[in-house]
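Participant: coords27.txt is reproduced in full below (compact mmCIF, C-alpha atoms).
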```txt
# COMPACT_ATOMS: atom_id res chain seq x y z
CA MET A 316 -1.44 10.78 22.81
CA ASN A 317 -1.46 14.56 22.88
CA LYS A 318 -1.30 16.05 26.34
CA PHE A 319 -3.92 18.64 25.43
CA ARG A 320 -6.68 17.39 23.19
CA LEU A 321 -9.68 19.32 21.90
CA PRO A 322 -12.99 17.50 21.51
CA PHE A 323 -13.36 15.91 18.08
CA SER A 324 -16.38 18.09 17.20
CA VAL A 325 -14.33 21.23 17.84
CA ILE A 326 -11.50 19.98 15.61
CA VAL A 327 -13.83 19.20 12.71
CA CYS A 328 -15.70 22.50 13.00
CA ALA A 329 -12.41 24.38 12.98
CA LEU A 330 -11.25 22.63 9.83
CA LEU A 331 -14.47 22.82 7.85
CA PRO A 332 -14.00 26.43 6.66
CA LEU A 333 -10.52 25.64 5.30
CA ALA A 334 -11.72 22.49 3.54
CA HIS A 335 -14.65 24.44 2.05
CA ALA A 336 -12.41 27.29 0.95
CA ALA A 337 -10.19 24.80 -0.88
CA SER A 338 -13.07 23.87 -3.16
CA ALA A 339 -13.28 27.37 -4.60
CA PRO A 340 -9.83 28.91 -5.08
CA ALA A 341 -9.56 32.51 -6.10
CA GLY A 342 -8.28 33.30 -9.54
CA GLY A 343 -9.04 29.89 -11.03
CA GLY A 344 -5.80 28.31 -9.82
CA SER A 345 -5.28 24.61 -9.19
CA LEU A 346 -7.47 23.40 -6.35
CA LEU A 347 -4.69 21.33 -4.83
CA THR A 348 -2.23 24.22 -4.70
CA GLN A 349 -4.73 26.21 -2.62
CA ILE A 350 -4.82 23.70 0.22
CA SER A 351 -2.70 23.98 3.35
CA GLY A 352 0.04 21.36 3.32
CA MET A 353 0.55 21.32 -0.44
CA GLN A 354 4.23 22.22 -0.01
CA LYS A 355 4.68 18.48 0.38
CA LYS A 356 6.19 16.26 -2.30
CA TYR A 357 3.78 15.65 -5.12
CA HIS A 358 4.79 13.23 -7.87
CA PRO A 359 1.44 12.01 -9.16
CA GLY A 360 1.00 9.36 -11.82
CA HIS A 361 1.46 5.60 -12.09
CA TYR A 362 3.12 3.50 -9.39
CA ILE A 363 3.70 -0.25 -9.21
CA THR A 364 2.65 -1.95 -5.97
CA LEU A 365 4.96 -4.71 -4.82
CA LEU A 366 3.75 -7.26 -2.29
CA ARG A 367 6.06 -8.84 0.23
CA GLY A 368 7.51 -12.13 -0.96
CA SER A 369 7.89 -10.86 -4.51
CA ASP A 370 9.36 -7.45 -3.88
CA SER A 371 13.10 -7.78 -4.29
CA GLN A 372 14.91 -4.94 -5.98
CA GLY A 373 15.12 -7.20 -9.00
CA ALA A 374 11.32 -7.16 -9.20
CA MET A 375 11.39 -3.41 -8.68
CA ALA A 376 13.88 -3.04 -11.52
CA SER A 377 11.69 -5.06 -13.88
CA SER A 378 8.78 -2.79 -12.94
CA ILE A 379 10.52 0.29 -14.33
CA GLN A 380 8.55 0.84 -17.50
CA PRO A 381 7.65 3.91 -19.58
CA GLY A 382 5.31 6.13 -17.59
CA VAL A 383 6.02 4.60 -14.18
CA VAL A 384 6.79 7.23 -11.54
CA GLY A 385 7.64 4.97 -8.64
CA MET A 386 6.92 2.01 -6.42
CA LEU A 387 4.58 1.38 -3.52
CA LYS A 388 6.12 -1.37 -1.43
CA HIS A 389 4.74 -3.36 1.52
CA TYR A 390 6.82 -3.73 4.68
CA SER A 391 6.14 -5.98 7.67
CA TRP A 392 5.60 -4.21 10.99
CA PRO A 393 7.47 -6.94 12.95
CA ALA A 394 10.44 -6.57 10.60
CA LEU A 395 10.47 -2.80 11.13
CA GLU A 396 10.09 -3.12 14.92
CA PRO A 397 11.77 -6.38 15.96
CA SER A 398 11.41 -5.49 19.66
CA LYS A 399 9.41 -2.86 21.49
CA GLY A 400 10.61 0.60 20.57
CA THR A 401 13.60 -0.73 18.62
CA TYR A 402 13.41 -0.08 14.90
CA ASP A 403 15.18 -1.56 11.91
CA PHE A 404 14.68 0.58 8.81
CA SER A 405 17.60 -0.89 6.86
CA GLU A 406 15.40 -2.40 4.13
CA ILE A 407 13.67 0.91 3.51
CA ALA A 408 17.00 2.75 3.46
CA SER A 409 18.33 0.27 0.90
CA ASP A 410 15.23 0.64 -1.24
CA LEU A 411 15.49 4.42 -1.14
CA ASN A 412 19.09 4.19 -2.29
CA TRP A 413 17.85 2.01 -5.14
CA ALA A 414 15.06 4.52 -5.92
CA ALA A 415 17.57 7.37 -6.06
CA ALA A 416 19.82 5.41 -8.41
CA HIS A 417 16.89 4.68 -10.75
CA GLY A 418 15.01 7.97 -10.57
CA MET A 419 11.97 6.45 -8.86
CA GLN A 420 9.76 7.58 -5.97
CA LEU A 421 9.02 5.17 -3.13
CA ILE A 422 5.87 4.95 -1.03
CA VAL A 423 6.27 2.86 2.12
CA MET A 424 3.23 0.84 3.22
CA VAL A 425 3.43 -0.60 6.73
CA GLU A 426 1.27 -3.71 7.08
CA ASP A 427 -0.86 -4.24 10.17
CA LYS A 428 -3.20 -6.66 8.41
CA THR A 429 -2.39 -9.93 6.67
CA PHE A 430 -4.28 -12.25 4.35
CA GLN A 431 -2.41 -15.39 5.37
CA THR A 432 -1.54 -17.07 8.67
CA GLU A 433 0.97 -14.44 9.71
CA ILE A 434 0.72 -12.21 12.77
CA PRO A 435 1.04 -8.59 11.60
CA THR A 436 2.36 -7.08 14.85
CA PRO A 437 5.56 -7.29 16.86
CA ALA A 438 5.44 -10.05 19.50
CA TYR A 439 4.66 -7.66 22.35
CA LEU A 440 1.35 -6.72 20.66
CA SER A 441 0.31 -10.20 19.52
CA GLN A 442 -2.60 -10.29 21.97
CA TYR A 443 -4.21 -7.50 19.95
CA VAL A 444 -4.76 -9.40 16.70
CA LEU A 445 -7.80 -11.32 15.48
CA ARG A 446 -8.35 -13.74 12.63
CA ASN A 447 -10.07 -11.94 9.73
CA HIS A 448 -12.38 -13.16 6.97
CA GLY A 449 -9.51 -13.05 4.47
CA GLY A 450 -7.65 -15.90 6.11
CA GLY A 451 -5.11 -13.73 7.91
CA TYR A 452 -5.05 -11.43 10.91
CA THR A 453 -5.98 -7.81 11.55
CA THR A 454 -4.63 -5.66 14.35
CA MET A 455 -7.21 -4.22 16.73
CA ARG A 456 -6.27 -0.69 15.76
CA TRP A 457 -8.67 0.99 18.19
CA LYS A 458 -6.90 -0.46 21.23
CA PRO A 459 -4.79 2.26 22.92
CA PRO A 460 -1.55 0.18 23.15
CA VAL A 461 -1.77 -0.62 19.43
CA ALA A 462 -2.59 2.96 18.44
CA ALA A 463 0.29 4.32 20.51
CA ALA A 464 2.81 1.82 19.13
CA PHE A 465 1.80 2.32 15.52
CA LYS A 466 1.88 6.09 15.89
CA ALA A 467 5.38 5.88 17.40
CA LEU A 468 6.49 3.75 14.44
CA VAL A 469 5.20 6.11 11.77
CA VAL A 470 6.64 9.13 13.58
CA ALA A 471 10.03 7.40 13.68
CA LEU A 472 9.74 6.57 9.98
CA GLY A 473 8.82 10.12 9.11
CA THR A 474 11.61 11.59 11.17
CA ARG A 475 14.14 9.28 9.54
CA PHE A 476 13.13 9.58 5.89
CA ASP A 477 11.21 12.82 5.35
CA SER A 478 14.29 14.64 4.02
CA ASN A 479 14.93 11.96 1.38
CA LYS A 480 13.73 13.37 -1.94
CA ASN A 481 12.84 9.90 -3.28
CA PHE A 482 10.62 9.14 -0.28
CA GLU A 483 7.17 10.13 -1.54
CA GLY A 484 5.55 9.16 1.72
CA LEU A 485 3.94 6.60 3.97
CA ALA A 486 0.83 4.51 3.32
CA THR A 487 -1.55 2.79 5.72
CA GLN A 488 -3.57 -0.31 4.91
CA GLU A 489 -7.30 -0.34 4.22
CA THR A 490 -9.69 0.69 7.00
CA ALA A 491 -11.78 -2.48 6.57
CA VAL A 492 -11.02 -4.89 9.42
CA GLY A 493 -12.66 -8.12 8.24
CA PHE A 494 -14.41 -9.03 11.50
CA SER A 495 -18.07 -9.61 12.25
CA TYR A 496 -20.00 -7.01 14.24
CA LYS A 497 -20.31 -9.50 17.11
CA VAL A 498 -16.52 -9.87 17.30
CA LEU A 499 -16.02 -6.11 17.17
CA VAL A 500 -18.41 -5.49 20.05
CA ALA A 501 -16.81 -8.23 22.13
CA GLN A 502 -13.42 -6.52 21.65
CA GLY A 503 -14.60 -3.08 22.75
CA TYR A 504 -14.75 -1.56 19.29
CA THR A 505 -16.57 1.73 18.78
CA ALA A 506 -16.70 3.66 15.53
CA GLU A 507 -15.85 6.82 17.46
CA ALA A 508 -12.65 5.30 18.85
CA TYR A 509 -11.72 4.09 15.36
CA ARG A 510 -12.37 7.52 13.86
CA ASP A 511 -10.34 9.33 16.50
CA MET A 512 -7.46 6.87 16.19
CA TYR A 513 -7.17 7.55 12.46
CA ILE A 514 -7.31 11.30 12.90
CA GLU A 515 -4.55 11.18 15.51
CA LEU A 516 -2.45 8.73 13.49
CA LEU A 517 -2.69 10.61 10.20
CA THR A 518 -2.08 13.92 11.93
CA ALA A 519 1.00 12.62 13.75
CA ALA A 520 2.37 11.06 10.57
CA SER A 521 1.82 14.29 8.62
CA GLU A 522 3.53 16.38 11.27
CA ALA A 523 6.49 13.99 11.34
CA MET A 524 6.79 14.28 7.54
CA PRO A 525 6.53 18.01 6.79
CA THR A 526 7.72 17.52 3.19
CA SER A 527 6.37 14.03 2.47
CA ARG A 528 2.86 12.72 2.09
CA VAL A 529 0.58 10.33 3.96
CA PHE A 530 -1.50 7.99 1.79
CA TRP A 531 -4.63 6.97 3.68
CA PHE A 532 -6.18 3.79 2.29
CA MET A 533 -9.86 3.94 3.20
CA ASN A 534 -12.80 1.78 2.20
CA PHE A 535 -15.11 0.71 5.02
CA ILE A 536 -15.54 2.01 8.58
CA PRO A 537 -17.43 -0.63 10.58
CA VAL A 538 -20.80 0.53 11.95
CA LYS A 539 -20.56 4.18 10.83
CA GLU A 540 -19.32 4.52 7.26
CA GLN A 541 -19.93 8.28 7.38
CA TYR A 542 -16.87 8.66 9.58
CA VAL A 543 -14.76 8.36 6.42
CA ALA A 544 -15.88 11.91 5.65
CA SER A 545 -15.19 13.02 9.22
CA ILE A 546 -11.62 11.75 9.03
CA ALA A 547 -11.05 13.20 5.57
CA THR A 548 -12.37 16.59 6.64
CA ALA A 549 -9.99 16.65 9.58
CA VAL A 550 -6.84 15.65 7.68
CA ALA A 551 -7.33 17.15 4.23
CA PRO A 552 -5.69 20.47 5.25
CA LEU A 553 -2.58 18.50 6.24
CA GLY A 554 -1.94 17.35 2.68
CA VAL A 555 -3.04 13.76 3.28
CA ALA A 556 -3.89 11.77 0.13
CA MET A 557 -7.01 9.60 0.26
CA GLY A 558 -7.98 6.55 -1.74
CA GLY A 559 -8.81 2.89 -1.67
CA PRO A 560 -7.45 -0.53 -2.48
CA ASP A 561 -9.89 -1.51 -5.23
CA ILE A 562 -10.82 -0.03 -8.61
CA MET A 563 -13.93 -2.09 -9.30
CA PRO A 564 -16.61 -0.24 -11.31
CA ASP A 565 -19.32 -2.89 -10.84
CA ASN A 566 -18.89 -3.54 -7.12
CA PRO A 567 -22.13 -2.47 -5.40
CA ASN A 568 -20.60 -2.03 -1.94
CA LEU A 569 -17.85 0.22 -3.26
CA LEU A 570 -20.28 2.18 -5.42
CA ARG A 571 -22.58 2.74 -2.46
CA LYS A 572 -20.09 3.38 0.34
CA PRO A 573 -16.53 4.63 -0.33
CA TYR A 574 -16.73 5.81 -3.95
CA PRO A 575 -18.94 8.87 -3.26
CA TYR A 576 -16.21 10.26 -1.00
CA TYR A 577 -13.91 10.63 -4.00
CA THR A 578 -16.34 13.11 -5.52
CA GLN A 579 -16.97 14.82 -2.19
CA PHE A 580 -13.26 15.45 -1.60
CA PHE A 581 -12.18 15.98 -5.20
CA GLY A 582 -10.01 19.11 -5.24
CA LYS A 583 -9.70 19.17 -1.45
CA MET A 584 -7.02 16.50 -1.19
CA PRO A 585 -4.99 14.32 -3.57
CA LEU A 586 -6.81 11.10 -4.47
CA PHE A 587 -5.62 7.66 -5.53
CA GLY A 588 -6.89 4.21 -6.40
CA GLN A 589 -5.23 0.81 -6.53
CA VAL A 590 -5.71 -2.00 -9.03
CA GLU A 591 -5.58 -5.13 -6.88
CA GLY A 592 -5.20 -8.71 -8.02
CA VAL A 593 -8.98 -9.16 -8.06
CA CYS A 594 -9.33 -6.15 -10.35
CA TYR A 595 -7.41 -7.85 -13.17
CA ASP A 596 -10.10 -10.54 -13.49
CA GLN A 597 -13.15 -8.42 -12.75
CA LEU A 598 -16.22 -9.53 -14.68
CA HIS A 599 -18.43 -7.07 -16.53
CA MET A 600 -21.76 -7.20 -14.71
CA THR A 601 -23.65 -5.15 -17.29
CA SER A 602 -24.18 -5.64 -21.00
CA GLY A 603 -22.68 -3.62 -23.83
CA TYR A 604 -19.02 -4.49 -23.39
CA PRO A 605 -17.07 -6.52 -25.95
CA THR A 606 -14.91 -8.28 -23.34
CA LYS A 607 -15.69 -10.63 -20.49
CA TYR A 608 -13.52 -8.76 -18.00
CA TRP A 609 -12.96 -5.10 -17.37
CA THR A 610 -9.99 -4.06 -19.49
CA MET A 611 -7.10 -2.00 -18.19
CA PRO A 612 -8.04 1.08 -20.28
CA GLU A 613 -11.58 0.82 -18.88
CA LEU A 614 -10.33 0.64 -15.29
CA PHE A 615 -8.02 3.58 -15.80
CA ASN A 616 -10.78 5.65 -17.40
CA PHE A 617 -13.12 4.85 -14.49
CA ALA A 618 -10.44 5.80 -11.97
CA LEU A 619 -9.72 9.05 -13.78
CA LYS A 620 -13.25 10.20 -14.58
CA LYS A 621 -15.29 8.76 -11.71
CA LEU A 622 -12.77 8.64 -8.86
CA HIS A 623 -10.80 11.74 -9.94
CA VAL A 624 -7.47 10.16 -9.04
CA ASN A 625 -4.07 11.82 -9.08
CA TYR A 626 -2.21 8.56 -8.42
CA VAL A 627 -2.89 5.04 -9.72
CA PHE A 628 -1.21 2.07 -8.04
CA TRP A 629 -1.00 -1.08 -10.18
CA THR A 630 -0.35 -4.25 -8.19
CA ARG A 631 2.45 -6.32 -9.67
CA ILE A 632 0.50 -9.40 -10.79
CA THR A 633 2.43 -11.11 -13.58
CA THR A 634 0.14 -14.07 -14.36
CA PRO A 635 -3.58 -13.83 -15.21
CA ALA A 636 -5.82 -15.54 -12.66
CA ALA A 637 -8.14 -16.96 -15.33
CA PRO A 638 -8.20 -17.49 -19.11
CA GLY A 639 -8.92 -14.19 -20.80
CA ALA A 640 -8.17 -12.16 -17.66
CA TYR A 641 -5.40 -9.59 -17.36
CA ASP A 642 -2.22 -8.87 -15.46
CA LEU A 643 0.29 -6.03 -15.14
CA SER A 644 1.59 -6.52 -18.67
CA ASP A 645 -1.83 -5.46 -19.97
CA ALA A 646 -1.64 -2.27 -17.93
CA LEU A 647 1.76 -1.22 -19.27
CA PRO A 648 0.41 0.27 -22.53
CA VAL A 649 -2.09 2.32 -20.52
CA ILE A 650 0.72 3.57 -18.27
CA ALA A 651 2.95 4.41 -21.24
CA ASN A 652 0.19 6.18 -23.17
CA SER A 653 -0.92 8.31 -20.19
CA PRO A 654 2.22 9.10 -18.20
CA VAL A 655 0.69 12.43 -17.17
CA PHE A 656 -2.99 12.67 -16.38
CA SER A 657 -5.37 15.01 -14.65
CA PRO A 658 -8.80 14.12 -13.25
```
Translate the structure of the given file into structure tokens.

Facilitator:
Amino acid sequence: MNKFRLPFSVIVCALLPLAHAASAPAGGGSLLTQISGMQKKYHPGHYITLLRGSDSQGAMASSIQPGVVGMLKHYSWPALEPSKGTYDFSEIASDLNWAAAHGMQLIVMVEDKTFQTEIPTPAYLSQYVLRNHGGGYTTMRWKPPVAAAFKALVVALGTRFDSNKNFEGLATQETAVGFSYKVLVAQGYTAEAYRDMYIELLTAASEAMPTSRVFWFMNFIPVKEQYVASIATAVAPLGVAMGGPDIMPDNPNLLRKPYPYYTQFFGKMPLFGQVEGVCYDQLHMTSGYPTKYWTMPELFNFALKKLHVNYVFWTRITTPAAPGAYDLSDALPVIANSPVFSP
């Protein structure tokens, strides 16, 4: 925690003029180049997301395809911090050596949420996890011991790897927690504490990585969804990139809640979207389409035109989930045909 901390309202009010100014650059220059913090690495384009359990460097090597800029890889928090305050970054260091040898960028995602029966924290924080609706566990991120430990981890990561030219940056997991409101209240959750935690975390990570980028995966803020905008307003001048884990054009919750923030912050911060496993077998919910599922060109076009993305992350799914559905192989022609794109 910072020793001297201004009230949240003061921080936001101070940043609003800069965020507003970024939307109207003088001389017609690129919006992004007008924003404070844009001296950071910026290698936009297509990345392949590799999940743990299938993310060996052999899988990474097979993911090098025409148009692919780099990899986004998941790392386990307990593996990175095997005991309190003791870090093991050897896997990341090895992957960065691999990235340098193959001309790829690497984005490091630290998991603090799982979708299987696996505790996502080091043992000393295991009392701060709860079973989520996805079948795994989510860390109670708003708890001060958790927030302090995670911030210390990302600062250590930034300090260690910021100077590596193949280290594009650090990614957090989605803001959705997967608990009921009743559970949240029982555990002392407040939307204000959650908002402030993210602002402090993203700020600390950005400061620890003066030349690299933070990728903030947002979707849902329990109780007060509007705090997505509050967080984005506070961290946009730091060069933070904002986006979400699902490109799903027919999903009513996404259309109503997180997707409008892409338009609101277009030009004020880099934006991204990720094609998850569920996106490859996403049914068309409206008529007029020749296919049963949303095709990969359709998803990319939606991400580009409606979400205004600078980065697209394609999850490495190599087998369709249903007959007629898609997988990464169907995305490769899209990636090859649009290696450079602009929203």

Participant: For stretch 388-399 of chain A, find every residue with an atom within 7 Å (counting all atoms listed in the file), except residues of its own chain fewer than 4 positions away, and show them as a list in words.

Facilitator: Thr364, Leu365, Leu366, Arg367, Asp403, Phe404, Ile422, Val423, Met424, Val425, Glu426, Asp427, Pro435, Thr436, Pro437 and Tyr439 of chain A

Participant: Keeping only C-alpha atoms, write the selected residues as a compact mmCIF listing (two decimals), keeping the file's coordinate frame.

Facilitator:
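Listing of again36.txt after writing:
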```txt
# COMPACT_ATOMS: atom_id res chain seq x y z
CA THR A 364 2.65 -1.95 -5.97
CA LEU A 365 4.96 -4.71 -4.82
CA LEU A 366 3.75 -7.26 -2.29
CA ARG A 367 6.06 -8.84 0.23
CA ASP A 403 15.18 -1.56 11.91
CA PHE A 404 14.68 0.58 8.81
CA ILE A 422 5.87 4.95 -1.03
CA VAL A 423 6.27 2.86 2.12
CA MET A 424 3.23 0.84 3.22
CA VAL A 425 3.43 -0.60 6.73
CA GLU A 426 1.27 -3.71 7.08
CA ASP A 427 -0.86 -4.24 10.17
CA PRO A 435 1.04 -8.59 11.60
CA THR A 436 2.36 -7.08 14.85
CA PRO A 437 5.56 -7.29 16.86
CA TYR A 439 4.66 -7.66 22.35
```

Participant: Of the candidates A:Thr490, A:Thr518, A:Gln502, A:Asn481, which one gets nearest to A:Val469 if we count all atoms listed in the file?

Facilitator: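 Ranking A:Thr490, A:Thr518, A:Gln502, A:Asn481 by distance to A:Val469, first place goes to A:Thr518.
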
Participant: Nearest to A:Ile363 among A:Ala640, A:Ser602, A:Pro635, A:Gln420, with distances taken over only C-alpha atoms: which residue is it?

Facilitator: A:Gln420

Participant: Nearest to A:Thr487: which of A:Pro359, A:Gly418, A:Gly559, A:Gly639 is it, counting all atoms listed in the file?

Facilitator: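 Nearest to A:Thr487: A:Gly559.
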
Participant: Would you list the contacts of A:Glu540 as a list of chain:residue names, taking every protein, DNA or RNA residue within 9 Å and counting all atoms listed in the file, but skipping same-chain residues closer than 3 positions in sequence?

Facilitator: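 Near neighbours after the sequence-gap exclusion: A:Ala506, A:Asn534, A:Phe535, A:Ile536, A:Pro537, A:Val543, A:Ala544, A:Lys572, A:Pro573.
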
Participant: Excluding A:Pro612 and residues on its chain fewer than 2 positions from it, collect all residues at most 9 Å away from it, counting all atoms listed in the file, and give them as a PyMOL selection string.

Facilitator: chain A and resi 609-610+614-617+646+648-649
